[in-house]
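J.: Contents of run.pdb (PDB, C-alpha atoms) are given next:
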```pdb
ATOM      1  CA  ASP Y   1     -21.005  11.296   4.971  1.00  0.00           C
ATOM      2  CA  ILE Y   2     -17.328  11.229   3.998  1.00  0.00           C
ATOM      3  CA  LEU Y   3     -16.679  14.795   5.220  1.00  0.00           C
ATOM      4  CA  ASN Y   4     -17.572  13.797   8.798  1.00  0.00           C
ATOM      5  CA  LEU Y   5     -15.842  10.416   8.693  1.00  0.00           C
ATOM      6  CA  GLU Y   6     -13.690   9.905  11.779  1.00  0.00           C
ATOM      7  CA  PHE Y   7     -11.494   6.818  12.057  1.00  0.00           C
ATOM      8  CA  ALA Y   8     -11.415   6.382  15.823  1.00  0.00           C
ATOM      9  CA  ASP Y   9     -13.158   3.135  16.816  1.00  0.00           C
ATOM     10  CA  MET Y  10     -13.913   2.161  13.224  1.00  0.00           C
ATOM     11  CA  PRO Y  11     -13.381  -1.225  11.567  1.00  0.00           C
ATOM     12  CA  PRO Y  12      -9.997  -1.731   9.916  1.00  0.00           C
ATOM     13  CA  GLU Y  13      -9.274  -0.263   6.519  1.00  0.00           C
ATOM     14  CA  LYS Y  14     -10.264  -2.523   3.652  1.00  0.00           C
ATOM     15  CA  LEU Y  15      -7.490  -3.826   1.459  1.00  0.00           C
ATOM     16  CA  ILE Y  16      -7.358  -2.394  -2.061  1.00  0.00           C
ATOM     17  CA  PHE Y  17      -7.454  -5.820  -3.663  1.00  0.00           C
ATOM     18  CA  GLU Y  18      -9.717  -8.443  -2.175  1.00  0.00           C
ATOM     19  CA  GLU Y  19      -8.362 -11.651  -0.742  1.00  0.00           C
ATOM     20  CA  GLU Y  20      -6.343 -13.977  -2.923  1.00  0.00           C
ATOM     21  CA  LYS Y  21      -8.255 -15.563  -5.781  1.00  0.00           C
ATOM     22  CA  GLU Y  22      -5.691 -18.341  -5.865  1.00  0.00           C
ATOM     23  CA  SER Y  23      -5.140 -20.651  -2.925  1.00  0.00           C
ATOM     24  CA  LEU Y  24      -2.284 -19.806  -0.606  1.00  0.00           C
ATOM     25  CA  ILE Y  25       0.799 -21.960  -0.856  1.00  0.00           C
ATOM     26  CA  THR Y  26       1.848 -23.485   2.433  1.00  0.00           C
ATOM     27  CA  TYR Y  27       5.295 -22.096   3.138  1.00  0.00           C
ATOM     28  CA  ASN Y  28       7.803 -23.440   5.602  1.00  0.00           C
ATOM     29  CA  GLU Y  29      11.322 -22.024   5.797  1.00  0.00           C
ATOM     30  CA  GLU Y  30      12.764 -25.485   6.468  1.00  0.00           C
ATOM     31  CA  ASP Y  31      11.378 -26.654   3.113  1.00  0.00           C
ATOM     32  CA  GLU Y  32      13.022 -23.735   1.270  1.00  0.00           C
ATOM     33  CA  GLU Y  33      15.582 -26.047  -0.366  1.00  0.00           C
ATOM     34  CA  GLU Y  34      12.853 -28.181  -1.968  1.00  0.00           C
ATOM     35  CA  PHE Y  35      11.331 -25.317  -3.982  1.00  0.00           C
ATOM     36  CA  ASP Y  36      12.243 -24.507  -7.534  1.00  0.00           C
ATOM     37  CA  HIS Y  37      13.369 -20.919  -7.028  1.00  0.00           C
ATOM     38  CA  SER Y  38      13.496 -19.966 -10.681  1.00  0.00           C
ATOM     39  CA  LEU Y  39      11.470 -17.001 -11.808  1.00  0.00           C
ATOM     40  CA  ALA Y  40       8.209 -17.555 -13.626  1.00  0.00           C
ATOM     41  CA  PRO Y  41       8.644 -18.185 -17.362  1.00  0.00           C
ATOM     42  CA  GLY Y  42       7.876 -15.130 -19.453  1.00  0.00           C
ATOM     43  CA  PHE Y  43       8.430 -12.639 -16.624  1.00  0.00           C
ATOM     44  CA  ILE Y  44      10.416  -9.640 -17.827  1.00  0.00           C
ATOM     45  CA  ASN Y  45      12.812  -9.089 -14.925  1.00  0.00           C
ATOM     46  CA  THR Y  46      14.021  -5.540 -15.427  1.00  0.00           C
ATOM     47  CA  LYS Y  47      14.886  -2.513 -13.353  1.00  0.00           C
ATOM     48  CA  TYR Y  48      12.667  -0.393 -15.594  1.00  0.00           C
ATOM     49  CA  ALA Y  49       8.941  -0.968 -15.087  1.00  0.00           C
ATOM     50  CA  CYS Y  50       8.184   0.615 -18.466  1.00  0.00           C
ATOM     51  CA  PHE Y  51       9.840  -2.366 -20.174  1.00  0.00           C
ATOM     52  CA  ARG Y  52       7.227  -4.822 -18.907  1.00  0.00           C
ATOM     53  CA  PRO Y  53       3.436  -4.838 -18.888  1.00  0.00           C
ATOM     54  CA  THR Y  54       2.136  -4.107 -15.394  1.00  0.00           C
ATOM     55  CA  PRO Y  55      -1.603  -4.442 -14.758  1.00  0.00           C
ATOM     56  CA  TYR Y  56      -3.408  -2.042 -12.422  1.00  0.00           C
ATOM     57  CA  GLU Y  57      -5.135  -4.954 -10.749  1.00  0.00           C
ATOM     58  CA  PRO Y  58      -2.787  -7.879 -10.242  1.00  0.00           C
ATOM     59  CA  GLN Y  59      -3.815 -11.429 -10.997  1.00  0.00           C
ATOM     60  CA  PHE Y  60      -1.548 -12.942  -8.334  1.00  0.00           C
ATOM     61  CA  ASN Y  61      -0.150 -11.883  -4.938  1.00  0.00           C
ATOM     62  CA  ARG Y  62      -3.131  -9.600  -4.393  1.00  0.00           C
ATOM     63  CA  LYS Y  63      -3.175  -9.542  -0.597  1.00  0.00           C
ATOM     64  CA  LEU Y  64       0.611  -9.148  -0.410  1.00  0.00           C
ATOM     65  CA  ILE Y  65       0.447  -6.185  -2.793  1.00  0.00           C
ATOM     66  CA  SER Y  66      -2.432  -4.606  -0.843  1.00  0.00           C
ATOM     67  CA  LEU Y  67      -0.451  -4.803   2.387  1.00  0.00           C
ATOM     68  CA  LEU Y  68       2.675  -3.396   0.748  1.00  0.00           C
ATOM     69  CA  LEU Y  69       0.630  -0.499  -0.683  1.00  0.00           C
ATOM     70  CA  LEU Y  70      -0.358   0.483   2.865  1.00  0.00           C
ATOM     71  CA  ILE Y  71       3.280   0.542   3.958  1.00  0.00           C
ATOM     72  CA  GLU Y  72       4.240   2.494   0.830  1.00  0.00           C
ATOM     73  CA  LYS Y  73       1.578   5.111   1.618  1.00  0.00           C
ATOM     74  CA  LYS Y  74       2.869   5.362   5.190  1.00  0.00           C
ATOM     75  CA  ARG Y  75       6.384   6.029   3.869  1.00  0.00           C
ATOM     76  CA  GLU Y  76       5.013   8.669   1.489  1.00  0.00           C
ATOM     77  CA  LEU Y  77       3.059  10.425   4.257  1.00  0.00           C
ATOM     78  CA  ALA Y  78       6.136  10.343   6.507  1.00  0.00           C
ATOM     79  CA  GLY Y  79       8.134  12.149   3.804  1.00  0.00           C
ATOM     80  CA  GLU Y  80      10.374   9.124   3.220  1.00  0.00           C
ATOM     81  CA  ASP Y  81      10.462   9.602  -0.545  1.00  0.00           C
ATOM     82  CA  ILE Y  82      13.299   7.170  -1.317  1.00  0.00           C
ATOM     83  CA  ARG Y  83      11.730   4.366   0.734  1.00  0.00           C
ATOM     84  CA  SER Y  84       8.332   5.078  -0.780  1.00  0.00           C
ATOM     85  CA  LEU Y  85       9.837   4.862  -4.268  1.00  0.00           C
ATOM     86  CA  SER Y  86      11.499   1.548  -3.405  1.00  0.00           C
ATOM     87  CA  TYR Y  87       8.142   0.151  -2.323  1.00  0.00           C
ATOM     88  CA  ARG Y  88       6.461   1.399  -5.526  1.00  0.00           C
ATOM     89  CA  GLN Y  89       9.128  -0.261  -7.671  1.00  0.00           C
ATOM     90  CA  ALA Y  90       8.799  -3.571  -5.827  1.00  0.00           C
ATOM     91  CA  ILE Y  91       4.995  -3.404  -5.969  1.00  0.00           C
ATOM     92  CA  ALA Y  92       5.100  -2.784  -9.737  1.00  0.00           C
ATOM     93  CA  ALA Y  93       7.321  -5.847 -10.177  1.00  0.00           C
ATOM     94  CA  LEU Y  94       5.010  -7.979  -8.011  1.00  0.00           C
ATOM     95  CA  LYS Y  95       1.934  -6.784  -9.930  1.00  0.00           C
ATOM     96  CA  ALA Y  96       3.562  -7.903 -13.161  1.00  0.00           C
ATOM     97  CA  TYR Y  97       4.709 -11.245 -11.755  1.00  0.00           C
ATOM     98  CA  PRO Y  98       2.721 -13.969 -13.551  1.00  0.00           C
ATOM     99  CA  ARG Y  99       2.278 -16.372 -10.631  1.00  0.00           C
ATOM    100  CA  GLN Y 100       2.037 -16.440  -6.885  1.00  0.00           C
ATOM    101  CA  ILE Y 101       5.338 -15.959  -5.049  1.00  0.00           C
ATOM    102  CA  ARG Y 102       6.253 -19.366  -3.626  1.00  0.00           C
ATOM    103  CA  SER Y 103       9.431 -18.676  -1.668  1.00  0.00           C
ATOM    104  CA  VAL Y 104      11.651 -15.898  -0.391  1.00  0.00           C
ATOM    105  CA  ARG Y 105      14.483 -17.065  -2.623  1.00  0.00           C
ATOM    106  CA  GLU Y 106      12.216 -16.796  -5.655  1.00  0.00           C
ATOM    107  CA  ALA Y 107      11.138 -13.282  -4.628  1.00  0.00           C
ATOM    108  CA  GLU Y 108      14.666 -12.016  -4.051  1.00  0.00           C
ATOM    109  CA  LYS Y 109      15.533 -12.790  -7.683  1.00  0.00           C
ATOM    110  CA  ILE Y 110      13.036 -10.174  -8.831  1.00  0.00           C
ATOM    111  CA  ILE Y 111      14.779  -6.882  -9.570  1.00  0.00           C
ATOM    112  CA  GLY Y 112      13.424  -4.305  -7.127  1.00  0.00           C
ATOM    113  CA  ILE Y 113      13.039  -6.687  -4.192  1.00  0.00           C
ATOM    114  CA  GLY Y 114      15.577  -5.539  -1.618  1.00  0.00           C
ATOM    115  CA  ALA Y 115      16.400  -6.721   1.890  1.00  0.00           C
ATOM    116  CA  LYS Y 116      13.446  -5.026   3.635  1.00  0.00           C
ATOM    117  CA  MET Y 117      10.984  -6.177   0.992  1.00  0.00           C
ATOM    118  CA  LYS Y 118      12.399  -9.692   1.246  1.00  0.00           C
ATOM    119  CA  GLU Y 119      11.679  -9.681   5.000  1.00  0.00           C
ATOM    120  CA  ASN Y 120       8.129  -8.438   4.396  1.00  0.00           C
ATOM    121  CA  ILE Y 121       7.582 -11.245   1.885  1.00  0.00           C
ATOM    122  CA  ARG Y 122       9.031 -13.803   4.316  1.00  0.00           C
ATOM    123  CA  GLN Y 123       6.646 -12.602   7.017  1.00  0.00           C
ATOM    124  CA  PHE Y 124       3.738 -12.750   4.578  1.00  0.00           C
ATOM    125  CA  LEU Y 125       4.577 -16.264   3.398  1.00  0.00           C
ATOM    126  CA  LEU Y 126       4.873 -17.494   6.991  1.00  0.00           C
ATOM    127  CA  THR Y 127       1.842 -15.755   8.510  1.00  0.00           C
ATOM    128  CA  GLY Y 128      -0.389 -14.626   5.643  1.00  0.00           C
ATOM    129  CA  THR Y 129       0.036 -10.976   6.617  1.00  0.00           C
ATOM    130  CA  ILE Y 130       2.591  -8.240   7.358  1.00  0.00           C
ATOM    131  CA  GLU Y 131       2.443  -6.961  10.931  1.00  0.00           C
ATOM    132  CA  GLU Y 132       3.287  -3.334  10.087  1.00  0.00           C
ATOM    133  CA  ALA Y 133       0.532  -3.176   7.466  1.00  0.00           C
ATOM    134  CA  GLU Y 134      -2.025  -4.768   9.794  1.00  0.00           C
ATOM    135  CA  GLU Y 135      -1.249  -2.119  12.413  1.00  0.00           C
ATOM    136  CA  LEU Y 136      -1.763   0.604   9.794  1.00  0.00           C
ATOM    137  CA  ARG Y 137      -5.216  -0.749   8.974  1.00  0.00           C
ATOM    138  CA  TYR Y 138      -6.302   0.266  12.501  1.00  0.00           C
ATOM    139  CA  ASN Y 139      -4.114   3.364  12.983  1.00  0.00           C
ATOM    140  CA  GLU Y 140      -6.265   6.494  13.282  1.00  0.00           C
ATOM    141  CA  GLU Y 141      -3.463   8.938  12.459  1.00  0.00           C
ATOM    142  CA  PHE Y 142      -2.409   7.065   9.317  1.00  0.00           C
ATOM    143  CA  ARG Y 143      -5.961   6.618   8.068  1.00  0.00           C
ATOM    144  CA  THR Y 144      -6.857  10.259   8.716  1.00  0.00           C
ATOM    145  CA  MET Y 145      -3.720  11.595   7.026  1.00  0.00           C
ATOM    146  CA  LYS Y 146      -4.361   9.270   4.084  1.00  0.00           C
ATOM    147  CA  LEU Y 147      -7.863  10.715   3.758  1.00  0.00           C
ATOM    148  CA  PHE Y 148      -6.483  14.257   3.984  1.00  0.00           C
ATOM    149  CA  SER Y 149      -3.940  13.511   1.249  1.00  0.00           C
ATOM    150  CA  ASN Y 150      -6.763  12.401  -1.066  1.00  0.00           C
ATOM    151  CA  VAL Y 151      -8.092  15.956  -1.381  1.00  0.00           C
ATOM    152  CA  GLY Y 152      -5.022  17.416  -3.033  1.00  0.00           C
ATOM    153  CA  VAL Y 153      -2.649  18.264  -0.195  1.00  0.00           C
ATOM    154  CA  GLY Y 154       0.757  16.802   0.486  1.00  0.00           C
ATOM    155  CA  ALA Y 155       2.150  14.960   3.461  1.00  0.00           C
ATOM    156  CA  ILE Y 156       3.278  18.106   5.297  1.00  0.00           C
ATOM    157  CA  THR Y 157      -0.152  19.754   5.145  1.00  0.00           C
ATOM    158  CA  ALA Y 158      -1.893  16.506   6.126  1.00  0.00           C
ATOM    159  CA  LYS Y 159       0.441  16.187   9.135  1.00  0.00           C
ATOM    160  CA  THR Y 160      -0.136  19.846  10.070  1.00  0.00           C
ATOM    161  CA  TRP Y 161      -3.899  19.304  10.057  1.00  0.00           C
ATOM    162  CA  TRP Y 162      -3.497  16.185  12.203  1.00  0.00           C
ATOM    163  CA  ASP Y 163      -1.243  18.047  14.655  1.00  0.00           C
ATOM    164  CA  LYS Y 164      -3.825  20.857  14.929  1.00  0.00           C
ATOM    165  CA  GLY Y 165      -6.387  18.278  16.039  1.00  0.00           C
ATOM    166  CA  TYR Y 166      -8.440  18.003  12.864  1.00  0.00           C
ATOM    167  CA  ARG Y 167      -9.880  14.516  12.498  1.00  0.00           C
ATOM    168  CA  THR Y 168     -12.442  15.026   9.728  1.00  0.00           C
ATOM    169  CA  LEU Y 169     -12.554  16.891   6.444  1.00  0.00           C
ATOM    170  CA  GLN Y 170     -15.477  18.910   7.804  1.00  0.00           C
ATOM    171  CA  GLN Y 171     -13.270  20.139  10.669  1.00  0.00           C
ATOM    172  CA  VAL Y 172     -10.655  21.147   8.098  1.00  0.00           C
ATOM    173  CA  LEU Y 173     -13.313  23.039   6.099  1.00  0.00           C
ATOM    174  CA  ASP Y 174     -14.629  24.749   9.232  1.00  0.00           C
ATOM    175  CA  TYR Y 175     -11.380  25.720  10.964  1.00  0.00           C
ATOM    176  CA  ALA Y 176      -8.333  25.563   8.680  1.00  0.00           C
ATOM    177  CA  LYS Y 177      -7.128  28.404   6.499  1.00  0.00           C
ATOM    178  CA  LEU Y 178      -7.482  26.926   2.999  1.00  0.00           C
ATOM    179  CA  THR Y 179      -6.642  27.961  -0.516  1.00  0.00           C
ATOM    180  CA  SER Y 180      -9.595  28.075  -2.882  1.00  0.00           C
ATOM    181  CA  THR Y 181      -8.226  25.009  -4.689  1.00  0.00           C
ATOM    182  CA  VAL Y 182      -8.009  22.881  -1.536  1.00  0.00           C
ATOM    183  CA  ARG Y 183     -11.429  24.089  -0.360  1.00  0.00           C
ATOM    184  CA  LEU Y 184     -12.903  23.062  -3.720  1.00  0.00           C
ATOM    185  CA  GLY Y 185     -11.078  19.721  -3.532  1.00  0.00           C
ATOM    186  CA  ILE Y 186     -12.644  18.978  -0.148  1.00  0.00           C
ATOM    187  CA  GLN Y 187     -16.100  20.129  -1.249  1.00  0.00           C
ATOM    188  CA  LEU Y 188     -15.980  17.947  -4.378  1.00  0.00           C
ATOM    189  CA  PHE Y 189     -14.359  14.963  -2.676  1.00  0.00           C
ATOM    190  CA  PRO Y 190     -17.675  13.249  -1.746  1.00  0.00           C
ATOM    191  CA  HIS Y 191     -18.675  13.247  -5.422  1.00  0.00           C
ATOM    192  CA  PHE Y 192     -15.360  11.769  -6.574  1.00  0.00           C
ATOM    193  CA  HIS Y 193     -15.268   9.323  -3.686  1.00  0.00           C
ATOM    194  CA  GLN Y 194     -18.490   7.710  -4.946  1.00  0.00           C
ATOM    195  CA  LEU Y 195     -16.948   6.879  -8.339  1.00  0.00           C
TER     196      LEU Y 195
END
```
Would you mind writing the file out in structure tokens?

T.:
Amino acid sequence: DILNLEFADMPPEKLIFEEEKESLITYNEEDEEEFDHSLAPGFINTKYACFRPTPYEPQFNRKLISLLLLIEKKRELAGEDIRSLSYRQAIAALKAYPRQIRSVREAEKIIGIGAKMKENIRQFLLTGTIEEAEELRYNEEFRTMKLFSNVGVGAITAKTWWDKGYRTLQQVLDYAKLTSTVRLGIQLFPHFHQL
């Protein structure tokens, strides 16, 4: 039952988008000069995401986007609003990108891909993952706070519950002082979680 779900000693969090449908491109930094670093034809490279179509479920770069979404959520839960926004903007651009990212130099041409994002993409192209995101997949505090934030509370309340020792939604229901709205959100969460 989702209300008694505790993340200690559980398997890692599943990625939002399953593994790549397309085959991974073998990337080697020494071969960087050989790549055509031009952006994909037809890609609308703009600062404003509303000017380009962005699918909810990306066709390309699925694993990369899933890993970046974990880091973005961590930034949001840590109250790092500007960094979280930067990740969301880069993720929106990557979701709209009409082919798999083939090189760091190609990625850095996309508006919204800054220095930190460029390093994450480099790490992903070299290893097939991003170390920070992989650590988050196993991190009990992050996973618990993420669950808490899904019932209608913000980062500060989720952190307060964690600091008070609550590890499940049932513990929050039993011991925390809740508004009627949050209590209802927790009680209805199992029904919405099944959708």

J.: Under the rule that only C-alpha atoms are counted, which of Y:Pro41, Y:Arg167, Y:Glu13, Y:Val104 is the nearest residue to Leu126 (chain Y)?

T.: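 Nearest candidate to Leu126 (chain Y) out of Y:Pro41, Y:Arg167, Y:Glu13, Y:Val104: Y:Val104.
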
J.: Return the single residue from Y:Tyr166, Y:Phe142, Y:Phe189, Y:Phe60 that is closest to Glu72 (chain Y), with distances computed using all atoms listed in the file.

T.: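 Of the candidates, the smallest distance to Glu72 (chain Y) is held by Y:Phe142.
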
J.: For CA of Ser66 (chain Y) and CA of Arg52 (chain Y), determine how far apart the two atoms are, in Å to one decimal place.

T.: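 Pair CA of Ser66 (chain Y) / CA of Arg52 (chain Y) returns 20.5 Å.
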
J.: Rounded to one decimal in Å, what is the spacing between CA of Lys74 (chain Y) and CA of Asp174 (chain Y)?

T.: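 Taking CA of Lys74 (chain Y) as the start and CA of Asp174 (chain Y) as the end point, the length is 26.4 Å.
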
J.: Which is closer to Ser38 (chain Y) than all the others in Y:Thr129, Y:Asn4, Y:Thr160, Y:Ser103, using only C-alpha atoms?

T.: Y:Ser103

J.: Could you jot down the CA of Ala90 (chain Y) to CA of Ala133 (chain Y) separation for me, Å, one decimal place?

T.: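 Interatomic distance here is 15.7 Å.
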
J.: Report as a list in words the full result of the PyMOL selection byres ((chain Y and resi 99) around 7) when it is applied to this structure.

T.: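 Output of the PyMOL selection byres ((chain Y and resi 99) around 7): Ala40, Phe60, Tyr97, Pro98, Gln100 and Ile101 of chain Y.
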
J.: Can you write just those residues out, C-alpha atoms, as a short mmCIF file (atom, residue, chain, number, x, y, z; two decimals), in the coordinates of the input?

T.:
```
data_model
loop_
_atom_site.label_atom_id
_atom_site.label_comp_id
_atom_site.auth_asym_id
_atom_site.auth_seq_id
_atom_site.Cartn_x
_atom_site.Cartn_y
_atom_site.Cartn_z
CA ALA Y 40 8.21 -17.56 -13.63
CA PHE Y 60 -1.55 -12.94 -8.33
CA TYR Y 97 4.71 -11.24 -11.76
CA PRO Y 98 2.72 -13.97 -13.55
CA GLN Y 100 2.04 -16.44 -6.88
CA ILE Y 101 5.34 -15.96 -5.05
#
```

J.: Skipping near chain neighbours, those fewer than 4 positions away, what residues fall within 12 Å of Arg143 (chain Y) using all atoms listed in the file, listed as a PyMOL selection string?

T.: chain Y and resi 5-14+70-71+73-74+77+133+135-139+147-150+158-159+162+167-168

J.: Between Y:Arg102, Y:Lys109, Y:Ile16, Y:Ile82, which residue has the minimum interatomic distance to Ile44 (chain Y), considering only C-alpha atoms?

T.: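 Among the listed residues, Y:Lys109 lies closest to Ile44 (chain Y).
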
J.: So what does the PyMOL selection byres ((chain Y and resi 122) around 12) actually pick up in this one, as a PyMOL selection string?

T.: chain Y and resi 27-29+32+64+101-108+113+115-121+123-131

J.: Can you write just those residues out, C-alpha atoms, as a short mmCIF file (atom, residue, chain, number, x, y, z; two decimals), in the frame of the given file?

T.:
```
data_model
loop_
_atom_site.label_atom_id
_atom_site.label_comp_id
_atom_site.auth_asym_id
_atom_site.auth_seq_id
_atom_site.Cartn_x
_atom_site.Cartn_y
_atom_site.Cartn_z
CA TYR Y 27 5.30 -22.10 3.14
CA ASN Y 28 7.80 -23.44 5.60
CA GLU Y 29 11.32 -22.02 5.80
CA GLU Y 32 13.02 -23.74 1.27
CA LEU Y 64 0.61 -9.15 -0.41
CA ILE Y 101 5.34 -15.96 -5.05
CA ARG Y 102 6.25 -19.37 -3.63
CA SER Y 103 9.43 -18.68 -1.67
CA VAL Y 104 11.65 -15.90 -0.39
CA ARG Y 105 14.48 -17.07 -2.62
CA GLU Y 106 12.22 -16.80 -5.66
CA ALA Y 107 11.14 -13.28 -4.63
CA GLU Y 108 14.67 -12.02 -4.05
CA ILE Y 113 13.04 -6.69 -4.19
CA ALA Y 115 16.40 -6.72 1.89
CA LYS Y 116 13.45 -5.03 3.64
CA MET Y 117 10.98 -6.18 0.99
CA LYS Y 118 12.40 -9.69 1.25
CA GLU Y 119 11.68 -9.68 5.00
CA ASN Y 120 8.13 -8.44 4.40
CA ILE Y 121 7.58 -11.24 1.88
CA GLN Y 123 6.65 -12.60 7.02
CA PHE Y 124 3.74 -12.75 4.58
CA LEU Y 125 4.58 -16.26 3.40
CA LEU Y 126 4.87 -17.49 6.99
CA THR Y 127 1.84 -15.76 8.51
CA GLY Y 128 -0.39 -14.63 5.64
CA THR Y 129 0.04 -10.98 6.62
CA ILE Y 130 2.59 -8.24 7.36
CA GLU Y 131 2.44 -6.96 10.93
#
```

J.: Contacts of Lys164 (chain Y) at 12 Å or less, counting only C-alpha atoms, minus same-chain residues fewer than 6 places along, as a list of chain:residue names?

T.: Y:Thr157, Y:Ala158, Y:Gln171, Y:Val172, Y:Tyr175, Y:Ala176, Y:Lys177

J.: Considering all atoms listed in the file, state which residue in the set Y:Glu134, Y:Ile110, Y:Glu141, Y:Phe192 is at the smallest distance from His37 (chain Y).

T.: Y:Ile110

J.: Out of Y:Tyr87, Y:Phe51, Y:Phe17, Y:Phe43, which residue has the shortest atom-to-atom distance to Leu68 (chain Y) when counting all atoms listed in the file?

T.: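 Nearest to Leu68 (chain Y): Y:Tyr87.
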
J.: Sorted by chain and rising residue number, list the residues of region 137-157 of chain Y at most 8 Å from region 182-188 of chain Y (counting all atoms listed in the file), each with its closest atom pair and distance in Å to one decimal, as a tab-separated table.

T.:
```
residue	atom	partner	partner_atom	distance
Y:Val151	CA	Y:Gly185	CA	5.3
Y:Gly152	CA	Y:Val182	CA	6.4
Y:Val153	CA	Y:Val182	CA	7.2
```
